$ cat start.cif   # mmCIF, C-alpha atoms
data_input
#
loop_
_atom_site.label_atom_id
_atom_site.label_comp_id
_atom_site.auth_asym_id
_atom_site.auth_seq_id
_atom_site.Cartn_x
_atom_site.Cartn_y
_atom_site.Cartn_z
CA MET R 12 98.08 74.67 109.02
CA GLU R 13 99.45 74.48 112.58
CA GLN R 14 101.99 71.82 111.61
CA LEU R 15 103.18 73.92 108.67
CA ASN R 16 103.50 76.96 110.92
CA ASP R 17 105.49 74.98 113.52
CA PHE R 18 107.85 73.79 110.79
CA LEU R 19 108.37 77.36 109.55
CA VAL R 20 109.11 78.62 113.07
CA LYS R 21 111.80 75.95 113.57
CA ALA R 22 113.32 76.62 110.14
CA ILE R 23 113.44 80.38 110.77
CA SER R 24 115.42 79.89 113.99
CA GLY R 25 118.10 78.09 111.99
CA THR R 26 118.46 80.89 109.42
CA GLU R 27 118.54 83.91 111.74
CA TRP R 28 122.27 84.18 112.30
CA PRO R 29 123.46 83.40 108.73
CA MET R 30 121.03 86.04 107.46
CA PHE R 31 122.07 88.53 110.12
CA ILE R 32 125.82 88.07 109.56
CA LEU R 33 125.56 88.35 105.76
CA LEU R 34 123.09 91.24 105.71
CA ILE R 35 124.48 93.41 108.51
CA GLY R 36 128.09 92.22 108.64
CA GLY R 37 128.37 92.10 104.85
CA GLY R 38 126.54 95.41 104.51
CA ILE R 39 128.86 97.20 106.94
CA PHE R 40 131.84 95.79 105.03
CA LEU R 41 130.42 97.25 101.80
CA VAL R 42 129.80 100.64 103.44
CA PHE R 43 133.47 100.97 104.40
CA ARG R 44 134.73 99.30 101.21
CA SER R 45 132.81 101.88 99.15
CA LYS R 46 134.26 104.76 101.21
CA LEU R 47 130.67 106.00 101.70
CA LEU R 48 130.39 106.57 97.94
CA PRO R 49 126.59 106.01 97.58
CA TYR R 50 125.84 108.54 100.32
CA ARG R 51 128.29 111.13 98.99
CA PHE R 52 126.57 111.14 95.58
CA PHE R 53 122.98 111.25 96.82
CA SER R 54 122.14 114.40 94.84
CA HIS R 55 123.64 112.87 91.70
CA ALA R 56 121.38 109.85 92.20
CA ILE R 57 118.33 112.14 92.30
CA ALA R 58 119.44 113.81 89.06
CA ILE R 59 119.75 110.39 87.38
CA ALA R 60 116.27 109.38 88.59
CA ARG R 61 114.85 112.60 87.13
CA GLY R 62 116.11 111.50 83.70
CA LYS R 63 119.04 113.89 83.29
CA TYR R 64 121.35 111.13 82.10
CA ASP R 65 118.84 108.91 80.23
CA ASP R 66 120.16 107.25 77.08
CA LYS R 67 117.36 106.38 74.65
CA ASN R 68 119.69 104.11 72.67
CA ALA R 69 120.65 101.95 75.65
CA GLU R 70 119.47 98.36 75.90
CA GLY R 71 116.59 97.56 78.21
CA ASP R 72 112.81 97.70 78.57
CA VAL R 73 112.07 100.51 81.06
CA SER R 74 113.61 103.79 82.20
CA SER R 75 115.60 104.04 85.44
CA LEU R 76 112.73 105.99 87.01
CA GLN R 77 110.25 103.29 86.00
CA ALA R 78 112.54 100.61 87.40
CA LEU R 79 112.87 102.56 90.66
CA SER R 80 109.09 103.10 90.82
CA ALA R 81 108.41 99.43 90.19
CA ALA R 82 110.97 98.35 92.79
CA VAL R 83 109.61 100.87 95.30
CA ALA R 84 106.07 99.71 94.46
CA ALA R 85 107.06 96.30 95.76
CA THR R 86 108.55 97.75 98.94
CA VAL R 87 106.45 100.83 99.75
CA GLY R 88 103.37 98.94 100.73
CA LEU R 89 101.96 96.97 103.59
CA GLY R 90 105.44 96.14 104.87
CA ASN R 91 105.82 99.83 105.67
CA ILE R 92 102.34 100.20 107.14
CA SER R 93 101.55 96.94 108.92
CA GLY R 94 105.05 95.46 109.00
CA VAL R 95 106.30 98.36 111.11
CA ALA R 96 103.34 97.98 113.46
CA ILE R 97 104.14 94.27 113.89
CA ALA R 98 107.80 95.09 114.58
CA ILE R 99 106.94 97.68 117.25
CA HIS R 100 104.35 95.38 118.80
CA ASP R 101 106.85 92.50 118.97
CA GLY R 102 109.96 94.45 119.95
CA GLY R 103 108.82 97.82 121.30
CA PRO R 104 109.62 101.33 119.98
CA GLY R 105 113.37 100.69 120.05
CA VAL R 106 113.10 98.30 117.11
CA VAL R 107 112.58 101.32 114.81
CA PHE R 108 116.18 102.45 115.42
CA TRP R 109 117.47 99.12 114.13
CA ILE R 110 115.15 99.40 111.14
CA TRP R 111 116.86 102.75 110.39
CA MET R 112 120.35 101.31 110.71
CA THR R 113 119.50 98.38 108.46
CA ALA R 114 118.01 100.77 105.89
CA LEU R 115 121.16 102.93 105.80
CA ILE R 116 123.26 99.82 105.28
CA GLY R 117 120.66 98.63 102.76
CA MET R 118 121.23 101.72 100.62
CA CYS R 119 124.81 100.62 100.07
CA ILE R 120 123.80 96.99 99.44
CA LYS R 121 121.32 98.11 96.77
CA PHE R 122 123.98 100.28 95.16
CA TYR R 123 126.22 97.25 94.73
CA SER R 124 123.56 94.68 93.81
CA CYS R 125 121.76 96.88 91.27
CA SER R 126 125.04 97.97 89.70
CA LEU R 127 125.77 94.26 89.23
CA SER R 128 122.33 93.79 87.65
CA ILE R 129 123.42 95.99 84.72
CA MET R 130 127.03 94.85 84.69
CA PHE R 131 126.13 91.16 84.29
CA ARG R 132 122.96 90.94 82.25
CA GLY R 133 122.00 87.73 80.48
CA LYS R 134 119.28 86.47 78.18
CA ASP R 135 116.41 84.12 78.83
CA SER R 136 115.41 81.15 76.67
CA GLU R 137 113.55 83.51 74.30
CA GLY R 138 116.55 85.81 73.84
CA ASN R 139 115.17 88.65 75.99
CA LEU R 140 117.59 90.74 78.05
CA GLN R 141 117.38 89.93 81.76
CA GLY R 142 119.05 90.98 84.99
CA GLY R 143 119.03 89.92 88.62
CA PRO R 144 120.92 87.78 91.16
CA MET R 145 120.65 84.59 89.12
CA PHE R 146 122.42 86.31 86.23
CA TYR R 147 125.18 88.10 88.12
CA ILE R 148 125.83 84.85 89.99
CA THR R 149 126.23 82.80 86.81
CA GLN R 150 127.70 85.55 84.59
CA GLY R 151 129.91 87.19 87.22
CA LEU R 152 131.04 84.26 89.35
CA GLY R 153 130.90 81.57 86.68
CA LYS R 154 128.93 78.42 85.98
CA LYS R 155 130.32 76.57 88.99
CA TYR R 156 128.25 78.93 91.18
CA LYS R 157 125.01 78.08 89.39
CA PRO R 158 123.72 76.06 92.39
CA LEU R 159 123.61 79.37 94.31
CA ALA R 160 121.44 80.87 91.57
CA ILE R 161 119.14 77.83 91.59
CA PHE R 162 118.87 78.00 95.39
CA PHE R 163 117.93 81.69 95.17
CA CYS R 164 115.23 81.04 92.56
CA ILE R 165 113.66 78.13 94.44
CA ALA R 166 113.37 80.29 97.58
CA GLY R 167 112.00 83.08 95.38
CA LEU R 168 109.11 80.91 94.19
CA PHE R 169 107.76 81.23 97.75
CA GLY R 170 109.26 84.54 98.85
CA PHE R 171 107.74 86.45 95.94
CA LEU R 172 104.20 85.32 96.59
CA GLY R 173 102.03 88.25 97.63
CA VAL R 174 100.74 86.39 100.68
CA PHE R 175 101.50 89.04 103.31
CA THR R 176 100.02 91.81 101.17
CA ALA R 177 96.86 89.84 100.39
CA ASN R 178 96.45 88.86 104.04
CA GLN R 179 96.79 92.40 105.38
CA PHE R 180 94.64 93.93 102.64
CA THR R 181 91.87 91.51 103.62
CA GLU R 182 92.25 92.44 107.30
CA THR R 183 91.98 96.13 106.40
CA PHE R 184 88.84 95.59 104.34
CA MET R 185 87.24 93.51 107.08
CA SER R 186 88.04 96.13 109.72
CA VAL R 187 86.96 99.23 107.82
CA ILE R 188 84.15 98.64 105.36
CA LYS R 189 82.78 95.17 106.00
CA PRO R 190 79.02 95.44 105.30
CA SER R 191 76.48 94.45 107.90
CA GLU R 192 76.11 90.71 108.23
CA THR R 193 72.38 91.19 108.61
CA LEU R 194 72.30 92.15 104.94
CA PHE R 195 74.60 89.50 103.53
CA GLU R 196 74.73 86.89 106.28
CA MET R 197 78.21 85.62 105.48
CA SER R 198 80.79 84.28 107.90
CA ASP R 199 84.19 85.96 108.29
CA PHE R 200 85.76 83.08 106.36
CA ASN R 201 83.43 83.58 103.41
CA TRP R 202 84.05 87.31 103.46
CA LYS R 203 87.79 86.76 103.39
CA LEU R 204 87.46 84.19 100.63
CA SER R 205 85.35 86.61 98.56
CA ILE R 206 87.85 89.44 99.05
CA GLY R 207 90.70 87.12 98.04
CA VAL R 208 88.93 86.07 94.84
CA VAL R 209 88.19 89.68 93.83
CA LEU R 210 91.78 90.72 94.62
CA ALA R 211 93.11 87.83 92.54
CA ILE R 212 90.94 88.77 89.56
CA VAL R 213 91.93 92.46 89.65
CA THR R 214 95.61 91.53 89.94
CA SER R 215 95.31 89.23 86.93
CA PHE R 216 94.32 92.08 84.63
CA VAL R 217 97.74 93.70 85.11
CA ILE R 218 100.25 90.91 85.75
CA PHE R 219 99.40 88.99 82.58
CA GLY R 220 100.34 92.11 80.62
CA GLY R 221 104.05 91.72 81.34
CA LEU R 222 106.80 94.03 82.58
CA SER R 223 105.92 97.15 80.57
CA LYS R 224 102.33 97.22 81.81
CA ILE R 225 103.41 96.58 85.41
CA ALA R 226 106.00 99.38 85.24
CA LYS R 227 103.50 101.87 83.76
CA VAL R 228 100.90 101.13 86.42
CA ALA R 229 103.48 101.30 89.22
CA THR R 230 104.88 104.61 87.96
CA THR R 231 101.34 106.03 87.93
CA ILE R 232 100.20 104.75 91.33
CA VAL R 233 103.26 104.79 93.58
CA PRO R 234 104.44 108.45 93.60
CA PHE R 235 100.89 109.77 94.16
CA MET R 236 99.99 107.28 96.91
CA VAL R 237 103.29 107.78 98.74
CA PHE R 238 102.54 111.52 98.72
CA VAL R 239 98.97 110.98 100.02
CA TYR R 240 100.15 108.62 102.74
CA LEU R 241 102.91 110.93 103.90
CA LEU R 242 100.43 113.83 103.91
CA ALA R 243 98.06 111.79 106.10
CA VAL R 244 100.72 110.83 108.65
CA VAL R 245 102.10 114.38 108.75
CA LEU R 246 98.56 115.57 109.52
CA VAL R 247 98.36 113.07 112.38
CA MET R 248 101.72 114.27 113.72
CA VAL R 249 100.66 117.94 113.49
CA MET R 250 97.50 117.15 115.43
CA ASN R 251 99.64 115.43 118.07
CA ALA R 252 102.69 117.68 117.81
CA SER R 253 103.48 117.53 121.52
CA GLN R 254 103.93 113.74 121.30
CA VAL R 255 106.27 113.60 118.29
CA ILE R 256 109.53 114.42 120.09
CA PRO R 257 108.76 112.08 123.03
CA SER R 258 108.02 109.30 120.50
CA LEU R 259 111.37 109.82 118.77
CA LYS R 260 113.14 109.87 122.15
CA LEU R 261 111.43 106.60 123.07
CA ILE R 262 112.76 105.02 119.87
CA LEU R 263 116.33 106.08 120.70
CA THR R 264 116.28 105.12 124.38
CA GLU R 265 114.52 101.76 123.91
CA ALA R 266 116.91 100.80 121.09
CA TRP R 267 119.58 100.19 123.75
CA ASN R 268 117.38 98.43 126.28
CA PHE R 269 119.50 95.45 127.28
CA ASN R 270 116.77 94.31 129.69
CA THR R 271 114.08 94.04 127.04
CA LEU R 272 111.53 91.27 127.43
CA VAL R 273 111.75 90.43 123.73
CA THR R 274 112.54 86.77 123.03
CA GLY R 275 116.32 86.60 122.59
CA GLY R 276 116.88 89.76 124.64
CA PHE R 277 118.73 92.69 123.09
CA TRP R 278 119.89 90.67 120.08
CA GLY R 279 116.34 89.43 119.60
CA LEU R 280 115.30 93.08 119.39
CA VAL R 281 117.99 93.81 116.79
CA ILE R 282 117.03 90.77 114.69
CA ILE R 283 113.37 91.84 114.68
CA GLY R 284 114.50 95.23 113.37
CA VAL R 285 116.69 93.64 110.70
CA ARG R 286 113.92 91.28 109.54
CA ARG R 287 111.27 93.99 109.33
CA ALA R 288 113.67 96.39 107.59
CA MET R 289 114.52 93.71 105.04
CA PHE R 290 110.79 93.15 104.53
CA SER R 291 110.32 96.90 104.16
CA ASN R 292 113.07 97.75 101.66
CA GLU R 293 114.26 94.30 100.51
CA ALA R 294 117.92 95.35 100.51
CA GLY R 295 120.09 92.26 100.22
CA LEU R 296 117.13 90.18 99.12
CA GLY R 297 117.89 90.40 95.40
CA SER R 298 114.47 91.52 94.21
CA ALA R 299 115.24 95.10 93.13
CA PRO R 300 118.10 94.00 90.81
CA MET R 301 115.52 92.07 88.77
CA TYR R 302 113.76 95.31 87.86
CA HIS R 303 116.81 97.53 87.64
CA GLY R 304 118.43 94.94 85.39
CA GLN R 305 115.74 95.75 82.82
CA SER R 306 116.53 99.48 82.73
CA LYS R 307 117.46 101.30 79.52
CA ASN R 308 120.88 101.99 80.95
CA ASP R 309 124.29 100.69 79.96
CA GLU R 310 126.05 102.34 82.90
CA PRO R 311 126.05 100.03 85.97
CA ILE R 312 127.05 102.67 88.54
CA ARG R 313 124.36 105.05 87.40
CA GLU R 314 121.70 102.38 87.93
CA GLY R 315 123.14 101.45 91.31
CA LEU R 316 122.88 105.05 92.49
CA VAL R 317 119.23 105.27 91.42
CA ALA R 318 118.45 101.99 93.19
CA MET R 319 119.91 103.14 96.50
CA LEU R 320 117.17 105.79 96.72
CA GLY R 321 114.67 102.96 97.33
CA PRO R 322 115.55 102.19 100.99
CA PHE R 323 115.67 105.92 101.75
CA ILE R 324 112.13 106.43 100.40
CA ASP R 325 110.43 103.33 101.72
CA THR R 326 112.18 102.94 105.08
CA ILE R 327 113.82 106.17 106.25
CA LEU R 328 110.78 108.24 105.19
CA VAL R 329 107.66 106.05 105.09
CA CYS R 330 108.50 103.66 107.93
CA THR R 331 109.58 106.47 110.25
CA PHE R 332 106.35 108.40 109.80
CA THR R 333 104.31 105.24 110.31
CA ALA R 334 106.26 104.36 113.44
CA VAL R 335 105.79 107.79 115.02
CA VAL R 336 102.01 107.65 114.42
CA ILE R 337 101.76 104.17 115.93
CA ILE R 338 103.88 105.09 118.97
CA LEU R 339 102.21 108.43 119.78
CA SER R 340 98.75 106.83 119.50
CA GLY R 341 99.72 103.91 121.73
CA ALA R 342 98.24 101.51 119.16
CA TYR R 343 101.25 99.17 119.38
CA LEU R 344 100.27 98.28 122.95
CA GLU R 345 97.06 96.67 121.71
CA ASP R 346 96.71 93.12 120.42
CA GLY R 347 95.79 92.59 116.78
CA SER R 348 97.25 92.16 113.33
CA GLY R 349 99.70 94.74 112.03
CA ILE R 350 97.25 96.57 109.83
CA VAL R 351 94.60 96.73 112.58
CA MET R 352 97.10 98.44 114.88
CA THR R 353 97.81 101.03 112.19
CA LEU R 354 94.08 101.48 111.60
CA ASN R 355 93.58 102.09 115.32
CA ALA R 356 96.35 104.70 115.24
CA PHE R 357 94.64 106.55 112.37
CA ASN R 358 91.18 106.27 113.93
CA THR R 359 92.48 107.56 117.26
CA SER R 360 93.92 110.69 115.64
CA LEU R 361 91.62 111.35 112.67
CA GLY R 362 88.35 109.77 113.68
CA SER R 363 86.44 107.17 111.68
CA TRP R 364 87.35 108.73 108.32
CA GLY R 365 91.01 108.07 109.12
CA GLY R 366 90.39 104.35 108.70
CA VAL R 367 88.64 104.89 105.38
CA LEU R 368 91.55 107.01 104.13
CA LEU R 369 94.01 104.30 105.15
CA MET R 370 91.84 101.72 103.38
CA VAL R 371 92.17 103.62 100.09
CA ILE R 372 95.93 103.99 100.54
CA VAL R 373 96.34 100.32 101.49
CA ALA R 374 94.33 99.25 98.44
CA ALA R 375 96.67 101.16 96.11
CA PHE R 376 99.81 99.91 97.87
CA ALA R 377 98.51 96.34 97.91
CA MET R 378 97.80 96.38 94.19
CA SER R 379 101.16 97.87 93.22
CA THR R 380 103.00 95.37 95.43
CA LEU R 381 101.13 92.40 94.01
CA PHE R 382 101.79 93.57 90.44
CA THR R 383 105.54 93.83 90.96
CA TYR R 384 105.97 90.68 93.05
CA SER R 385 104.42 88.51 90.38
CA TYR R 386 107.12 89.61 87.95
CA TYR R 387 109.88 88.53 90.35
CA GLY R 388 108.37 85.06 90.62
CA VAL R 389 108.05 84.76 86.84
CA LYS R 390 111.76 85.52 86.47
CA CYS R 391 112.70 82.89 89.06
CA LEU R 392 110.66 80.15 87.38
CA SER R 393 111.88 81.23 83.93
CA PHE R 394 115.49 80.83 85.04
CA LEU R 395 114.84 77.41 86.58
CA LEU R 396 112.97 76.08 83.53
CA ASN R 397 112.36 78.42 80.59
CA ALA R 398 110.58 81.68 79.79
CA LYS R 399 107.50 80.00 78.36
CA ILE R 400 106.89 77.91 81.46
CA GLY R 401 107.87 80.86 83.66
CA ARG R 402 104.71 82.72 82.71
CA TYR R 403 102.64 80.04 84.40
CA TYR R 404 103.90 81.36 87.74
CA ASN R 405 101.21 84.04 87.48
CA TRP R 406 98.49 81.38 87.79
CA TYR R 407 100.13 79.97 90.92
CA PHE R 408 100.49 83.56 92.17
CA VAL R 409 96.80 84.46 91.89
CA ILE R 410 95.73 81.17 93.50
CA MET R 411 97.98 81.92 96.48
CA ILE R 412 96.37 85.35 96.85
CA VAL R 413 93.11 83.58 97.66
CA PHE R 414 94.90 81.24 100.10
CA ALA R 415 96.59 84.20 101.85
CA ALA R 416 93.28 86.01 102.29
CA VAL R 417 91.97 83.25 104.56
CA ALA R 418 95.28 82.22 106.22
CA SER R 419 96.52 83.49 109.58
CA LEU R 420 98.94 86.40 109.83
CA GLU R 421 101.40 84.22 111.76
CA LEU R 422 101.56 81.65 108.97
CA VAL R 423 102.12 84.11 106.12
CA LYS R 424 104.63 86.14 108.16
CA ASN R 425 106.69 83.03 108.93
CA LEU R 426 106.57 81.86 105.30
CA ILE R 427 107.92 85.21 104.11
CA ASP R 428 110.55 85.48 106.86
CA LEU R 429 111.96 82.04 106.03
CA SER R 430 111.93 82.58 102.27
CA TYR R 431 113.60 86.00 102.58
CA ALA R 432 116.32 84.66 104.87
CA LEU R 433 117.09 81.87 102.40
CA MET R 434 117.23 84.33 99.47
CA VAL R 435 119.61 86.67 101.29
CA ILE R 436 122.25 83.96 101.69
CA PRO R 437 123.12 83.29 98.00
CA ASN R 438 122.51 86.90 96.95
CA MET R 439 124.78 88.48 99.56
CA ILE R 440 127.53 85.89 98.95
CA ALA R 441 127.52 86.92 95.28
CA VAL R 442 127.38 90.66 96.02
CA LEU R 443 130.33 90.46 98.43
CA LEU R 444 132.44 88.39 96.02
CA LEU R 445 131.71 90.73 93.10
CA ALA R 446 132.07 94.00 95.06
CA PRO R 447 135.62 94.67 93.73
CA ARG R 448 134.20 94.73 90.18
CA VAL R 449 131.71 97.43 91.21
CA ASN R 450 134.44 99.46 92.94
CA ALA R 451 136.55 99.39 89.79
CA ALA R 452 133.58 100.44 87.65
CA ALA R 453 132.74 103.26 90.09
CA LYS R 454 136.28 104.62 89.92
CA GLU R 455 136.08 104.72 86.13
CA TYR R 456 132.56 106.23 86.08
CA PHE R 457 133.34 109.12 88.41
CA ALA R 458 136.60 109.83 86.58
CA LYS R 459 134.54 110.26 83.38
CA LEU R 460 131.98 112.37 85.23
CA ARG R 461 134.67 114.74 86.54
CA SER R 462 136.27 115.04 83.10
CA ARG R 463 132.98 116.30 81.62
CA LYS R 464 132.77 119.18 84.06
#

$ encode --input "start.cif" --output "structure tokens"
Amino acid sequence: MEQLNDFLVKAISGTEWPMFILLIGGGIFLVFRSKLLPYRFFSHAIAIARGKYDDKNAEGDVSSLQALSAAVAATVGLGNISGVAIAIHDGGPGVVFWIWMTALIGMCIKFYSCSLSIMFRGKDSEGNLQGGPMFYITQGLGKKYKPLAIFFCIAGLFGFLGVFTANQFTETFMSVIKPSETLFEMSDFNWKLSIGVVLAIVTSFVIFGGLSKIAKVATTIVPFMVFVYLLAVVLVMVMNASQVIPSLKLILTEAWNFNTLVTGGFWGLVIIGVRRAMFSNEAGLGSAPMYHGQSKNDEPIREGLVAMLGPFIDTILVCTFTAVVIILSGAYLEDGSGIVMTLNAFNTSLGSWGGVLLMVIVAAFAMSTLFTYSYYGVKCLSFLLNAKIGRYYNWYFVIMIVFAAVASLELVKNLIDLSYALMVIPNMIAVLLLAPRVNAAAKEYFAKLRSRK
């Protein structure tokens, strides 16, 4: 395990700057190239998500709202709860500012990438309509770029494992409701192994049902649990109202701390923010286009606008509230895994029942994330081989849930960071090269929209 972790650490150091340049540099280019279009039509995006422009006759498997819910289900989860805690612990409060900036840029990236997911849809070996980076790479850029698509999918076989989610769910369970060892007399390892097995079994009941079942479950769970979580953190902030403004000020002042002790100095701080933001909202990663590419929508720009709401929900809203609670409680100054820091923040403000409430929320988020991630991995393996073999990814997925439950946080975090960085490279290259096609489609779409008024 230690040797694998050392290898991952070395590999990550070699991918930091390519990932950073493509994600932030490329994202800023898209923001200006779009003339701030995604932000200017924010209210229109909400109207689309509410179903105002749904076309029942359009090709696809799920509605735009279901696609958004499924994509958000994969992002609004433990990355927003424990991932933020890890970021603040590693980089200090100032890292939250860079998470915000990456999220704002990410909204534009998702607009472009998810527009492309509708614009360049393909079919799998069974003739089913599919969308995602591998298809807009091969359909939009041509067959000579297929190695980029293959590279993306290979990285996805590891990046879309639910290892971080399974690991942090297990830590939450162990910290909150672990029964007395005098009754069961099991070691921590056996407890973690048991939790992993149960989690794998529960996940199996949904993921083997395919996209439609995953989307229905996600649409049911995600909106309610996001509301409950936001209600809980707002309650904590109300109870500590005098500390909210100082916490926000600390975020802004520490964001420009050029004397930070973070490894890599100021730029190390920024990179931590970028990595954790990417883990939170997955903008530039290429995951969301896989779901949005399945939407019953023949209008690429419309789908892109819906998709850009994802980073706003999961990062600007959820991550910010989590960060304020962690900072005002001082939990980030303590050692421990990400989820334990968040648990301490809730327990400090709400008492022992705060941890139980977070446990329920984490359980729902963990399940929804695992359900959606499995689908991403199936699509990657299906593209590399064929749709029939692709379904076997789910078996690999549930086995890795058990592995993640007993593995160290450092190992699973490094595995995800490396895989994500490798996936960003081919996806962002394709998005940047195909951006002019999206701009042309946007010009045509909004001309039609104005003519209807």

$ atom_distance --input "start.cif" --atom1 "CA of Leu344 in chain R" --atom2 "CA of Val255 in chain R"
17.1 Å

$ closest_residue --input "start.cif" --among "R:Tyr407, R:His100, R:Met319, R:Ser360" --to "Phe53 in chain R" --atoms "all atoms listed in the file"
R:Met319

$ atom_distance --input "start.cif" --atom1 "CA of Lys390 in chain R" --atom2 "CA of Pro144 in chain R"
10.5 Å

$ resolve_selection --input "start.cif" --expression "the PyMOL selection byres ((chain R and resi 437) around 9)" --output "number ranges by chain"
R: 144, 148, 159-160, 162-163, 433-436, 438-442

$ write_last_selection --input "start.cif" --atoms "C-alpha atoms" --output "PDB file, in the frame of the given file"
ATOM      1  CA  PRO R 144     120.920  87.780  91.160  1.00  0.00           C
ATOM      2  CA  ILE R 148     125.830  84.850  89.990  1.00  0.00           C
ATOM      3  CA  LEU R 159     123.610  79.370  94.310  1.00  0.00           C
ATOM      4  CA  ALA R 160     121.440  80.870  91.570  1.00  0.00           C
ATOM      5  CA  PHE R 162     118.870  78.000  95.390  1.00  0.00           C
ATOM      6  CA  PHE R 163     117.930  81.690  95.170  1.00  0.00           C
ATOM      7  CA  LEU R 433     117.090  81.870 102.400  1.00  0.00           C
ATOM      8  CA  MET R 434     117.230  84.330  99.470  1.00  0.00           C
ATOM      9  CA  VAL R 435     119.610  86.670 101.290  1.00  0.00           C
ATOM     10  CA  ILE R 436     122.250  83.960 101.690  1.00  0.00           C
ATOM     11  CA  ASN R 438     122.510  86.900  96.950  1.00  0.00           C
ATOM     12  CA  MET R 439     124.780  88.480  99.560  1.00  0.00           C
ATOM     13  CA  ILE R 440     127.530  85.890  98.950  1.00  0.00           C
ATOM     14  CA  ALA R 441     127.520  86.920  95.280  1.00  0.00           C
ATOM     15  CA  VAL R 442     127.380  90.660  96.020  1.00  0.00           C
TER      16      VAL R 442
END

$ resolve_selection --input "start.cif" --expression "the PyMOL selection byres ((chain R and resi 411) around 9)" --output "list in words"
Leu172, Gly173, Val174, Ala177, Ala211, Trp406, Tyr407, Phe408, Val409, Ile410, Ile412, Val413, Phe414, Ala415 and Ala416 of chain R
